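One structure below.
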Amino acid sequence: MLDSFSGQRPRYIIPALGRLYDSLTDLAWLVLRVTVGTSLIPHGMQKLFMAFNGPAWISFAGLVGRGFPAPTLMGWLVVLTEFVGGTLLTPSPDRNTEGLLRRPTQLSA
């Protein structure tokens, strides 16, 4: 496995476990995507659908008090990033759909 930035082999914390690190790389990325995606989706649902006793649109008013420029626009960007981004990050059972949705998610990050 090569480092994507330098093009060199990475320096492992425990060099003797290098083969184990290389074999678990794909699984680690999957676990990271599922964890981040499933934690972002409920946050977006709170604001969009008032799920889980969420604040819904009241949270947009909090942006005004903090001095954000264009608080309504910023609020929508936050909500859509959390809900849609979390949905796109979470892998789907259909491999073709996952590959199609992975690119826009990576570009937005």
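Within each chain, counting starts at residue 1; across the structure tokens, chains are named A, B, ... in the order shown, with ligands numbered 1 upward in that order.
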Give me, as a count of residues only, all polymer residues having an atom no more than 6 Å from segment 69-85 of chain A, counting only C-alpha atoms and skipping those fewer than 5 positions away in the same chain. 6
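In this model, the gap between atom CA of Gly7 of chain A and atom CA of Val31 of chain A comes to 24.5 Å.
Coordinates place atom CA of Gly62 of chain A at a distance of 29.2 Å from atom CA of Arg33 of chain A.
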Would you list, as a PyMOL selection string, the residues of segment 9-79 of chain A that end up in helix (DSSP H, G or I) under DSSP run on this structure's backbone? chain A and resi 15-23+25-49+51-53+58-65+71-79
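The interatomic distance for the pair atom CA of Leu89 of chain A and atom CA of Gly37 of chain A works out to 5.1 Å.
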